file upload_35.cif (mmCIF, C-alpha atoms)
data_query
#
loop_
_atom_site.label_atom_id
_atom_site.label_comp_id
_atom_site.auth_asym_id
_atom_site.auth_seq_id
_atom_site.Cartn_x
_atom_site.Cartn_y
_atom_site.Cartn_z
CA MET A 1 51.58 -61.40 -11.49
CA ILE A 2 48.27 -61.98 -9.65
CA ILE A 3 46.90 -60.38 -6.51
CA ASP A 4 44.54 -62.53 -4.48
CA MET A 5 41.54 -60.54 -5.56
CA ASN A 6 39.12 -62.72 -3.63
CA GLN A 7 40.59 -61.62 -0.30
CA ILE A 8 40.81 -57.96 -1.32
CA HIS A 9 37.22 -58.01 -2.60
CA SER A 10 36.00 -59.62 0.62
CA ILE A 11 37.62 -56.86 2.68
CA GLN A 12 36.18 -54.17 0.42
CA LEU A 13 32.70 -55.64 0.71
CA GLY A 14 33.06 -55.38 4.49
CA ILE A 15 33.98 -51.71 4.15
CA LEU A 16 31.02 -51.11 1.87
CA GLN A 17 28.67 -52.76 4.37
CA GLU A 18 29.90 -50.37 7.05
CA VAL A 19 29.41 -47.36 4.77
CA ALA A 20 25.90 -48.63 4.00
CA ARG A 21 25.17 -48.95 7.73
CA LEU A 22 26.26 -45.39 8.42
CA SER A 23 24.36 -44.11 5.40
CA ALA A 24 21.16 -45.75 6.62
CA LYS A 25 21.66 -44.46 10.16
CA TYR A 26 22.12 -40.85 9.04
CA HIS A 27 19.72 -40.95 6.06
CA LEU A 28 22.47 -40.48 3.48
CA LYS A 29 22.15 -41.72 -0.10
CA TYR A 30 25.22 -43.28 -1.65
CA PHE A 31 25.34 -44.90 -5.08
CA MET A 32 27.76 -46.98 -7.10
CA THR A 33 29.84 -45.04 -9.62
CA GLY A 34 32.32 -45.68 -12.42
CA GLY A 35 33.62 -49.20 -12.75
CA SER A 36 31.67 -50.34 -9.70
CA ALA A 37 28.43 -49.27 -11.39
CA ILE A 38 29.48 -51.32 -14.43
CA GLY A 39 30.25 -54.19 -12.08
CA ALA A 40 26.78 -54.03 -10.55
CA VAL A 41 25.04 -53.89 -13.94
CA ARG A 42 27.23 -56.20 -16.05
CA HIS A 43 28.66 -58.66 -13.49
CA HIS A 44 26.35 -58.22 -10.50
CA GLY A 45 29.50 -57.85 -8.48
CA PHE A 46 33.06 -56.77 -9.04
CA ILE A 47 34.51 -56.48 -12.49
CA PRO A 48 36.79 -59.51 -11.98
CA TRP A 49 40.03 -57.58 -12.47
CA ASP A 50 38.92 -54.43 -10.59
CA ASP A 51 40.68 -53.85 -7.28
CA ASP A 52 38.57 -51.12 -5.71
CA ILE A 53 35.00 -49.96 -5.14
CA ASP A 54 33.80 -46.50 -6.18
CA ILE A 55 30.77 -44.85 -4.60
CA GLY A 56 29.37 -41.35 -4.71
CA PHE A 57 27.38 -38.96 -2.54
CA THR A 58 25.94 -35.59 -3.40
CA ARG A 59 28.12 -32.93 -1.77
CA HIS A 60 25.53 -32.39 0.98
CA ASP A 61 25.59 -36.06 1.98
CA PHE A 62 29.36 -36.33 1.49
CA GLU A 63 29.91 -33.53 4.01
CA LYS A 64 27.60 -35.20 6.49
CA PHE A 65 29.40 -38.51 6.01
CA ILE A 66 32.80 -36.89 6.63
CA GLN A 67 31.37 -35.28 9.75
CA VAL A 68 29.95 -38.43 11.35
CA ALA A 69 32.13 -41.26 10.05
CA PRO A 70 35.35 -40.62 12.05
CA THR A 71 33.53 -40.83 15.38
CA GLU A 72 31.36 -43.75 14.29
CA LEU A 73 34.38 -45.73 13.10
CA VAL A 74 36.76 -44.97 15.97
CA THR A 75 36.24 -48.36 17.64
CA SER A 76 35.82 -50.27 14.36
CA ASP A 77 38.29 -51.87 11.98
CA TYR A 78 37.96 -48.94 9.59
CA LEU A 79 39.01 -45.31 9.22
CA VAL A 80 38.30 -42.41 6.86
CA GLU A 81 41.01 -40.46 5.09
CA GLU A 82 40.14 -36.98 3.79
CA ASN A 83 42.37 -33.93 3.71
CA ARG A 84 40.34 -32.05 6.34
CA LEU A 85 40.78 -35.01 8.66
CA ASN A 86 44.42 -35.56 7.78
CA PRO A 87 46.39 -32.99 5.74
CA ARG A 88 48.90 -35.70 4.83
CA TYR A 89 46.15 -37.16 2.63
CA GLU A 90 46.26 -35.16 -0.60
CA TYR A 91 43.13 -36.11 -2.51
CA ASP A 92 39.91 -34.10 -2.87
CA PHE A 93 37.74 -37.16 -2.23
CA ALA A 94 37.68 -39.62 0.65
CA LYS A 95 38.77 -43.19 1.16
CA VAL A 96 37.36 -45.57 3.75
CA MET A 97 39.95 -48.22 4.54
CA THR A 98 40.92 -50.92 6.98
CA LYS A 99 43.21 -50.00 9.84
CA ASP A 100 45.02 -53.34 9.88
CA SER A 101 46.08 -53.42 6.23
CA GLN A 102 48.75 -51.61 4.26
CA ILE A 103 48.96 -51.33 0.49
CA LEU A 104 51.40 -50.06 -2.07
CA GLU A 105 49.19 -48.08 -4.47
CA ARG A 106 50.14 -47.34 -8.04
CA GLY A 107 50.97 -43.64 -8.35
CA ARG A 108 51.06 -43.19 -4.55
CA GLU A 109 54.03 -45.36 -3.70
CA GLU A 110 55.35 -42.60 -1.42
CA ALA A 111 51.98 -41.80 0.18
CA LYS A 112 52.38 -40.00 3.51
CA ALA A 113 48.98 -40.92 4.96
CA HIS A 114 47.93 -44.40 6.04
CA ASN A 115 46.99 -46.38 2.94
CA GLY A 116 45.06 -49.56 3.60
CA ILE A 117 42.73 -51.64 1.46
CA PHE A 118 40.06 -49.09 0.60
CA ILE A 119 36.96 -47.99 -1.21
CA ASP A 120 36.78 -44.55 -2.86
CA VAL A 121 34.08 -42.08 -1.79
CA PHE A 122 33.45 -39.27 -4.29
CA PRO A 123 31.53 -36.02 -3.77
CA PHE A 124 29.30 -34.85 -6.61
CA ASP A 125 29.10 -31.09 -7.00
CA ARG A 126 27.28 -28.92 -9.55
CA LEU A 127 28.67 -28.23 -13.02
CA PRO A 128 28.36 -24.63 -14.29
CA ALA A 129 26.41 -24.18 -17.50
CA ASP A 130 28.52 -21.30 -18.83
CA LYS A 131 31.53 -22.42 -20.89
CA SER A 132 33.78 -19.67 -19.56
CA GLN A 133 32.92 -20.65 -15.97
CA ARG A 134 33.72 -24.27 -16.79
CA LEU A 135 37.06 -23.30 -18.31
CA GLU A 136 37.96 -21.15 -15.32
CA GLN A 137 37.03 -23.90 -12.85
CA LYS A 138 38.93 -26.50 -14.84
CA MET A 139 42.10 -24.42 -15.02
CA VAL A 140 42.08 -23.52 -11.33
CA LEU A 141 41.58 -27.13 -10.27
CA GLN A 142 44.29 -28.34 -12.64
CA ASP A 143 46.82 -25.81 -11.34
CA ILE A 144 46.02 -26.60 -7.71
CA LEU A 145 46.34 -30.32 -8.41
CA GLN A 146 49.69 -29.79 -10.11
CA GLU A 147 51.02 -27.80 -7.15
CA ILE A 148 49.79 -30.34 -4.58
CA ARG A 149 51.34 -33.18 -6.56
CA ARG A 150 54.63 -31.28 -6.77
CA ARG A 151 54.73 -30.98 -2.98
CA PHE A 152 53.82 -34.59 -2.27
CA TYR A 153 55.73 -36.27 -5.10
CA PRO A 154 58.49 -33.84 -6.20
CA ASP A 155 60.47 -36.51 -8.05
CA ARG A 156 57.57 -37.28 -10.37
CA PHE A 157 55.99 -33.81 -10.57
CA PRO A 158 58.87 -31.31 -10.46
CA SER A 159 57.14 -28.49 -12.33
CA ALA A 160 55.39 -25.76 -10.37
CA ALA A 161 51.92 -24.56 -11.21
CA THR A 162 51.80 -22.29 -14.24
CA GLY A 163 48.42 -20.63 -13.66
CA HIS A 164 47.69 -17.00 -12.99
CA LYS A 165 47.46 -17.37 -9.20
CA PRO A 166 50.52 -17.64 -6.94
CA TYR A 167 49.85 -21.23 -5.89
CA THR A 168 53.51 -21.87 -5.16
CA ASN A 169 53.37 -19.28 -2.35
CA MET A 170 50.27 -20.71 -0.70
CA SER A 171 50.31 -23.04 2.26
CA LEU A 172 49.06 -26.58 1.75
CA GLN A 173 46.00 -25.83 3.86
CA ASP A 174 45.22 -22.76 1.76
CA LEU A 175 45.49 -24.88 -1.37
CA TYR A 176 43.06 -27.40 0.10
CA ASP A 177 40.66 -24.61 1.08
CA LEU A 178 40.79 -22.97 -2.35
CA ARG A 179 40.28 -26.31 -4.06
CA LEU A 180 37.17 -27.04 -2.00
CA LYS A 181 35.82 -23.52 -2.55
CA THR A 182 36.31 -23.94 -6.29
CA MET A 183 34.58 -27.32 -6.33
CA VAL A 184 31.46 -26.22 -4.43
CA GLN A 185 31.01 -22.72 -5.86
CA TYR A 186 27.99 -23.67 -8.01
CA ASP A 187 26.31 -26.07 -5.59
CA HIS A 188 23.53 -23.62 -4.74
CA HIS A 189 22.20 -23.91 -8.33
CA ARG A 190 19.82 -26.82 -7.95
CA ASP A 191 19.05 -27.11 -11.67
CA LEU A 192 22.65 -27.72 -12.76
CA PRO A 193 24.00 -31.22 -13.51
CA TYR A 194 26.01 -33.05 -10.88
CA VAL A 195 29.65 -33.68 -11.66
CA ASN A 196 32.43 -35.69 -10.09
CA LEU A 197 35.27 -33.16 -10.06
CA SER A 198 37.50 -35.74 -8.36
CA SER A 199 36.99 -38.18 -11.20
CA PRO A 200 40.04 -39.82 -12.82
CA TYR A 201 38.44 -38.96 -16.16
CA ASP A 202 38.54 -35.61 -17.95
CA TYR A 203 36.90 -32.56 -16.43
CA ALA A 204 33.07 -32.73 -16.67
CA LYS A 205 33.22 -36.25 -18.15
CA GLU A 206 31.42 -37.89 -15.23
CA THR A 207 28.13 -36.04 -15.01
CA ILE A 208 24.71 -36.96 -13.65
CA PHE A 209 21.59 -34.99 -14.50
CA PRO A 210 19.28 -34.03 -11.62
CA SER A 211 16.51 -36.25 -13.01
CA GLU A 212 18.90 -39.23 -12.95
CA MET A 213 19.75 -38.58 -9.31
CA GLN A 214 16.13 -38.62 -8.15
CA ARG A 215 15.72 -42.38 -7.95
CA LEU A 216 18.06 -45.19 -6.95
CA ILE A 217 17.42 -48.88 -7.46
CA LYS A 218 18.97 -51.86 -5.70
CA MET A 219 21.07 -54.31 -7.67
CA PRO A 220 22.98 -57.39 -6.51
CA PHE A 221 26.69 -56.92 -5.94
CA GLU A 222 28.32 -60.16 -4.81
CA ASN A 223 26.60 -60.98 -1.50
CA LEU A 224 25.13 -57.49 -1.12
CA HIS A 225 22.44 -55.38 -2.74
CA VAL A 226 23.67 -51.90 -3.56
CA PRO A 227 22.08 -48.63 -4.79
CA VAL A 228 22.58 -47.75 -8.44
CA LEU A 229 21.15 -44.81 -10.39
CA ALA A 230 17.85 -45.81 -11.94
CA GLY A 231 19.13 -44.01 -15.02
CA TYR A 232 22.41 -45.91 -14.98
CA ASP A 233 22.27 -46.65 -18.70
CA SER A 234 22.54 -42.99 -19.74
CA TYR A 235 25.18 -42.28 -17.09
CA LEU A 236 27.35 -45.23 -18.09
CA HIS A 237 26.97 -44.61 -21.83
CA ARG A 238 28.18 -41.02 -21.40
CA LEU A 239 31.14 -42.22 -19.37
CA TYR A 240 32.17 -45.38 -21.23
CA GLY A 241 30.20 -45.79 -24.44
CA ASP A 242 29.24 -49.46 -24.90
CA TYR A 243 29.82 -50.41 -21.27
CA MET A 244 28.35 -53.90 -21.68
CA LYS A 245 31.17 -54.87 -24.06
CA LEU A 246 34.16 -56.41 -22.33
CA PRO A 247 37.51 -54.68 -22.97
CA PRO A 248 40.32 -56.52 -24.77
CA VAL A 249 42.08 -59.12 -22.64
CA GLU A 250 45.27 -57.04 -22.41
CA LYS A 251 43.31 -54.23 -20.73
CA ARG A 252 41.77 -56.44 -18.06
CA ILE A 253 44.25 -55.50 -15.36
CA GLN A 254 44.01 -54.22 -11.82
CA ARG A 255 45.03 -50.57 -11.70
CA HIS A 256 45.58 -49.64 -8.08
CA ILE A 257 47.03 -52.19 -5.67
CA LEU A 258 50.61 -53.34 -6.25
CA ASN A 259 51.09 -55.00 -2.88
CA ALA A 260 48.85 -55.53 0.13
CA THR A 261 49.57 -56.69 3.66
CA VAL A 262 46.79 -57.69 6.04
CA ASP A 263 47.72 -58.01 9.73
CA SER A 264 51.30 -59.02 10.37
CA SER A 265 51.10 -62.57 9.09
CA SER A 266 49.00 -62.45 5.90
CA THR A 267 50.52 -60.89 2.78
CA ILE A 268 48.98 -60.53 -0.67
CA ASP A 269 51.47 -59.71 -3.40
CA GLU A 270 51.09 -59.52 -7.18
CA ASN A 271 54.26 -61.63 -7.49
CA GLU A 272 52.50 -64.60 -5.92
CA SER A 273 51.44 -65.90 -9.31
CA ASP A 274 51.22 -69.48 -8.07
CA LYS A 275 48.52 -68.58 -5.56
CA PRO A 276 45.10 -69.84 -6.73
CA GLN A 277 42.31 -67.39 -7.39
CA LEU A 278 39.29 -68.23 -5.27
CA PRO A 279 35.91 -67.94 -7.01
CA LEU A 280 33.84 -64.85 -6.30
CA LEU A 281 30.23 -65.06 -5.21
CA GLY A 282 27.93 -64.18 -8.09
CA PHE A 283 24.33 -63.58 -9.05
CA GLU A 284 22.37 -64.44 -12.16
CA SER A 285 22.18 -61.48 -14.53
CA GLN A 286 19.02 -59.39 -14.55
CA ALA A 287 20.16 -57.01 -17.30
CA GLY A 288 20.20 -57.91 -20.95
#
call {"tool": "encode", "arguments": {"input": "upload_35.cif", "output": "C-alpha cells"}}
result
Amino acid sequence: MIIDMNQIHSIQLGILQEVARLSAKYHLKYFMTGGSAIGAVRHHGFIPWDDDIDIGFTRHDFEKFIQVAPTELVTSDYLVEENRLNPRYEYDFAKVMTKDSQILERGREEAKAHNGIFIDVFPFDRLPADKSQRLEQKMVLQDILQEIRRRFYPDRFPSAATGHKPYTNMSLQDLYDLRLKTMVQYDHHRDLPYVNLSSPYDYAKETIFPSEMQRLIKMPFENLHVPVLAGYDSYLHRLYGDYMKLPPVEKRIQRHILNATVDSSSTIDENESDKPQLPLLGFESQAG
C-alpha cells in the first residue's frame, strides 16, 4: 500500500518554490510549521512518510497572500483554495495546489472544491491571555466547525451544533464570516502569542511567542532552503515533545493522500505496492 512519494514530493516542492517566489515579491514572511518544520530540522527535507507540506504566515501576511496569489497564479500550473475565494472549500486555512492533479484526501473523500496535490498554508492569529476568553473562542470555533462539517459531510457528521448561538439557521457565508471574525478578534494585541487556530491539534496547542517570530533562519529542505523559526526547538518541543525521536514504525504512515492522479495518463495509487520508491534528495544534517 505505497504511494509514489517521490513524485508527490517533487510536485509539492514546485508549489513551495512558487509560494516562496510570491512571498519574496510581496515581502511576505512564510515559515515551515508542524511536521514540515520537523522535516527541515530532523531530515533536512520531508519526513519520508509525510505526504504534505505545512507553512505558516502571520495573519497580516496571510491576508496579503490570499489577495495577490489568485491573480499571480492565474496563468501558472497552480491555484489557491480558500473559502473567500471559493465557498465550496470549507477550511479556515488555504491550500495551494496543482491544477492538473486530482487527489482523494482522507476525511475529504466527498470534497466539493477542486482537490489537487497541495501544500497547506496556515494563518497565525493572536491567542487571548484570559482563560474565559480562550474558552469562549474555543467553543465558538468548535460549534462553527461542527455545523460546517454537518453541511459538507452529513453522512459522517449528522449532529447539528449544540452551542448557544443559532448556527443551524445561519447561511454558510455567515458561518465563514463569523469564524474569521472569531479567529482575528485579538490580533490587534501585539504582545499576545501567535496561535494556529486552524491546527489539526488541540486548541492553543500550536503557539509561537512573539520573540520566536522575530527571526527566521534558512535550513535545507530537499533541493531548497526554507525559512524556519530561529526558536524552532522551543516551538517543536511544545508541539511534539522529543521531536528528534522517530515514532514507532507502525505510526510512520502517510495521513492525507489516498489516491492521486496527475494529468490524464499518470496515476499514483496507494495500491501500487509493486512500484519502486525513488530516493529523495537529501542534505547532511546540521542539527545534533
call {"tool": "resolve_selection", "arguments": {"input": "upload_35.cif", "expression": "the PyMOL selection byres ((chain A and resi 202-212) around 12)", "output": "ChimeraX atom specification"}}
result
/A:31,33-35,56-58,122-129,131,134-142,183,189-201,213-217,228-241
call {"tool": "atom_distance", "arguments": {"input": "upload_35.cif", "atom1": "CA of Ile15 in chain A", "atom2": "CA of Leu85 in chain A"}}
result
18.6 Å
call {"tool": "closest_residue", "arguments": {"input": "upload_35.cif", "among": "A:Asp50, A:His188, A:Glu18, A:Glu63", "to": "Ser76 in chain A", "atoms": "only C-alpha atoms"}}
result
A:Glu18
call {"tool": "closest_residue", "arguments": {"input": "upload_35.cif", "among": "A:Ile253, A:Leu180, A:Val74, A:Leu224", "to": "Gly45 in chain A", "atoms": "only C-alpha atoms"}}
result
A:Leu224
call {"tool": "residues_around", "arguments": {"input": "upload_35.cif", "residues": "Pro220 in chain A", "least_positions_apart": "5", "cutoff": "7 Å", "atoms": "all atoms listed in the file", "output": "VMD selection string"}}
result
chain A and resid 40 44 to 45 225 to 226 283
call {"tool": "atom_distance", "arguments": {"input": "upload_35.cif", "atom1": "CA of Ile53 in chain A", "atom2": "CA of Ser36 in chain A"}}
result
5.7 Å
call {"tool": "atom_distance", "arguments": {"input": "upload_35.cif", "atom1": "CA of Val262 in chain A", "atom2": "CA of Leu73 in chain A"}}
result
18.6 Å
call {"tool": "closest_residue", "arguments": {"input": "upload_35.cif", "among": "A:Asp187, A:Asp242, A:Asp143, A:Asp54", "to": "Tyr167 in chain A", "atoms": "only C-alpha atoms"}}
result
A:Asp143
call {"tool": "closest_residue", "arguments": {"input": "upload_35.cif", "among": "A:Asn83, A:Ser159, A:Asn115, A:Ser23", "to": "Thr98 in chain A", "atoms": "all atoms listed in the file"}}
result
A:Asn115
call {"tool": "closest_residue", "arguments": {"input": "upload_35.cif", "among": "A:Met244, A:Ala111, A:Met5, A:Ile119", "to": "Tyr78 in chain A", "atoms": "only C-alpha atoms"}}
result
A:Ile119
call {"tool": "closest_residue", "arguments": {"input": "upload_35.cif", "among": "A:Pro166, A:Pro87, A:Gly14, A:Gly116", "to": "Asn223 in chain A", "atoms": "all atoms listed in the file"}}
result
A:Gly14
call {"tool": "residues_near_point", "arguments": {"input": "upload_35.cif", "point": "(37.5, -38.8, 9.6)", "cutoff": "6 Å", "atoms": "all atoms listed in the file", "output": "list in words"}}
result
Ile66, Ala69, Pro70, Val80, Glu81 and Leu85 of chain A
call {"tool": "build_atoms", "arguments": {"input": "upload_35.cif", "residues": "range 3-14 of chain A", "atoms": "all heavy atoms", "output": "PDB file, in the coordinates of the input"}}
result
ATOM      1  N   ILE A   3      47.283 -60.664  -7.890  1.00  0.00           N
ATOM      2  CA  ILE A   3      46.900 -60.380  -6.510  1.00  0.00           C
ATOM      3  C   ILE A   3      45.727 -61.285  -6.157  1.00  0.00           C
ATOM      4  O   ILE A   3      44.889 -61.583  -7.003  1.00  0.00           O
ATOM      5  CB  ILE A   3      46.495 -58.901  -6.371  1.00  0.00           C
ATOM      6  CG1 ILE A   3      47.743 -58.022  -6.433  1.00  0.00           C
ATOM      7  CG2 ILE A   3      45.749 -58.639  -5.084  1.00  0.00           C
ATOM      8  CD1 ILE A   3      47.449 -56.547  -6.359  1.00  0.00           C
ATOM      9  N   ASP A   4      45.668 -61.723  -4.924  1.00  0.00           N
ATOM     10  CA  ASP A   4      44.540 -62.530  -4.480  1.00  0.00           C
ATOM     11  C   ASP A   4      43.318 -61.629  -4.372  1.00  0.00           C
ATOM     12  O   ASP A   4      43.001 -61.091  -3.313  1.00  0.00           O
ATOM     13  CB  ASP A   4      44.862 -63.190  -3.134  1.00  0.00           C
ATOM     14  CG  ASP A   4      43.746 -64.123  -2.689  1.00  0.00           C
ATOM     15  OD1 ASP A   4      42.712 -64.180  -3.366  1.00  0.00           O
ATOM     16  OD2 ASP A   4      43.911 -64.787  -1.658  1.00  0.00           O
ATOM     17  N   MET A   5      42.656 -61.453  -5.492  1.00  0.00           N
ATOM     18  CA  MET A   5      41.540 -60.540  -5.560  1.00  0.00           C
ATOM     19  C   MET A   5      40.387 -60.959  -4.649  1.00  0.00           C
ATOM     20  O   MET A   5      39.647 -60.118  -4.146  1.00  0.00           O
ATOM     21  CB  MET A   5      41.027 -60.445  -6.994  1.00  0.00           C
ATOM     22  CG  MET A   5      41.923 -59.635  -7.896  1.00  0.00           C
ATOM     23  SD  MET A   5      41.916 -57.896  -7.443  1.00  0.00           S
ATOM     24  CE  MET A   5      42.278 -57.179  -9.018  1.00  0.00           C
ATOM     25  N   ASN A   6      40.227 -62.256  -4.462  1.00  0.00           N
ATOM     26  CA  ASN A   6      39.120 -62.720  -3.630  1.00  0.00           C
ATOM     27  C   ASN A   6      39.219 -62.155  -2.219  1.00  0.00           C
ATOM     28  O   ASN A   6      38.225 -61.696  -1.642  1.00  0.00           O
ATOM     29  CB  ASN A   6      39.103 -64.256  -3.593  1.00  0.00           C
ATOM     30  CG  ASN A   6      37.846 -64.795  -2.941  1.00  0.00           C
ATOM     31  OD1 ASN A   6      36.744 -64.556  -3.413  1.00  0.00           O
ATOM     32  ND2 ASN A   6      38.023 -65.514  -1.846  1.00  0.00           N
ATOM     33  N   GLN A   7      40.414 -62.144  -1.656  1.00  0.00           N
ATOM     34  CA  GLN A   7      40.590 -61.620  -0.300  1.00  0.00           C
ATOM     35  C   GLN A   7      40.402 -60.103  -0.270  1.00  0.00           C
ATOM     36  O   GLN A   7      39.759 -59.562   0.630  1.00  0.00           O
ATOM     37  CB  GLN A   7      41.976 -61.991   0.234  1.00  0.00           C
ATOM     38  CG  GLN A   7      42.177 -61.596   1.696  1.00  0.00           C
ATOM     39  CD  GLN A   7      43.504 -62.106   2.258  1.00  0.00           C
ATOM     40  OE1 GLN A   7      44.230 -62.826   1.593  1.00  0.00           O
ATOM     41  NE2 GLN A   7      43.794 -61.724   3.484  1.00  0.00           N
ATOM     42  N   ILE A   8      40.973 -59.413  -1.254  1.00  0.00           N
ATOM     43  CA  ILE A   8      40.810 -57.960  -1.320  1.00  0.00           C
ATOM     44  C   ILE A   8      39.337 -57.603  -1.490  1.00  0.00           C
ATOM     45  O   ILE A   8      38.808 -56.724  -0.800  1.00  0.00           O
ATOM     46  CB  ILE A   8      41.645 -57.370  -2.465  1.00  0.00           C
ATOM     47  CG1 ILE A   8      43.132 -57.482  -2.135  1.00  0.00           C
ATOM     48  CG2 ILE A   8      41.273 -55.915  -2.738  1.00  0.00           C
ATOM     49  CD1 ILE A   8      44.053 -57.068  -3.250  1.00  0.00           C
ATOM     50  N   HIS A   9      38.637 -58.292  -2.384  1.00  0.00           N
ATOM     51  CA  HIS A   9      37.220 -58.010  -2.600  1.00  0.00           C
ATOM     52  C   HIS A   9      36.407 -58.261  -1.341  1.00  0.00           C
ATOM     53  O   HIS A   9      35.489 -57.491  -1.018  1.00  0.00           O
ATOM     54  CB  HIS A   9      36.694 -58.870  -3.749  1.00  0.00           C
ATOM     55  CG  HIS A   9      37.153 -58.414  -5.100  1.00  0.00           C
ATOM     56  ND1 HIS A   9      36.914 -59.140  -6.251  1.00  0.00           N
ATOM     57  CD2 HIS A   9      37.826 -57.305  -5.486  1.00  0.00           C
ATOM     58  CE1 HIS A   9      37.418 -58.487  -7.286  1.00  0.00           C
ATOM     59  NE2 HIS A   9      37.987 -57.381  -6.845  1.00  0.00           N
ATOM     60  N   SER A  10      36.723 -59.322  -0.617  1.00  0.00           N
ATOM     61  CA  SER A  10      36.000 -59.620   0.620  1.00  0.00           C
ATOM     62  C   SER A  10      36.153 -58.488   1.630  1.00  0.00           C
ATOM     63  O   SER A  10      35.180 -58.076   2.287  1.00  0.00           O
ATOM     64  CB  SER A  10      36.507 -60.940   1.211  1.00  0.00           C
ATOM     65  OG  SER A  10      35.864 -61.213   2.441  1.00  0.00           O
ATOM     66  N   ILE A  11      37.370 -57.980   1.765  1.00  0.00           N
ATOM     67  CA  ILE A  11      37.620 -56.860   2.680  1.00  0.00           C
ATOM     68  C   ILE A  11      36.862 -55.620   2.226  1.00  0.00           C
ATOM     69  O   ILE A  11      36.241 -54.908   3.030  1.00  0.00           O
ATOM     70  CB  ILE A  11      39.127 -56.585   2.786  1.00  0.00           C
ATOM     71  CG1 ILE A  11      39.828 -57.752   3.498  1.00  0.00           C
ATOM     72  CG2 ILE A  11      39.400 -55.275   3.523  1.00  0.00           C
ATOM     73  CD1 ILE A  11      41.340 -57.697   3.436  1.00  0.00           C
ATOM     74  N   GLN A  12      36.872 -55.353   0.931  1.00  0.00           N
ATOM     75  CA  GLN A  12      36.180 -54.170   0.420  1.00  0.00           C
ATOM     76  C   GLN A  12      34.669 -54.276   0.590  1.00  0.00           C
ATOM     77  O   GLN A  12      33.999 -53.269   0.867  1.00  0.00           O
ATOM     78  CB  GLN A  12      36.558 -53.961  -1.051  1.00  0.00           C
ATOM     79  CG  GLN A  12      37.997 -53.500  -1.219  1.00  0.00           C
ATOM     80  CD  GLN A  12      38.482 -53.527  -2.654  1.00  0.00           C
ATOM     81  OE1 GLN A  12      37.979 -54.287  -3.482  1.00  0.00           O
ATOM     82  NE2 GLN A  12      39.474 -52.703  -2.964  1.00  0.00           N
ATOM     83  N   LEU A  13      34.126 -55.460   0.460  1.00  0.00           N
ATOM     84  CA  LEU A  13      32.700 -55.640   0.710  1.00  0.00           C
ATOM     85  C   LEU A  13      32.355 -55.345   2.171  1.00  0.00           C
ATOM     86  O   LEU A  13      31.304 -54.771   2.468  1.00  0.00           O
ATOM     87  CB  LEU A  13      32.266 -57.063   0.346  1.00  0.00           C
ATOM     88  CG  LEU A  13      32.223 -57.381  -1.150  1.00  0.00           C
ATOM     89  CD1 LEU A  13      32.001 -58.876  -1.361  1.00  0.00           C
ATOM     90  CD2 LEU A  13      31.133 -56.580  -1.853  1.00  0.00           C
ATOM     91  N   GLY A  14      33.258 -55.717   3.082  1.00  0.00           N
ATOM     92  CA  GLY A  14      33.060 -55.380   4.490  1.00  0.00           C
ATOM     93  C   GLY A  14      33.051 -53.881   4.719  1.00  0.00           C
ATOM     94  O   GLY A  14      32.234 -53.354   5.499  1.00  0.00           O
TER      95      GLY A  14
END
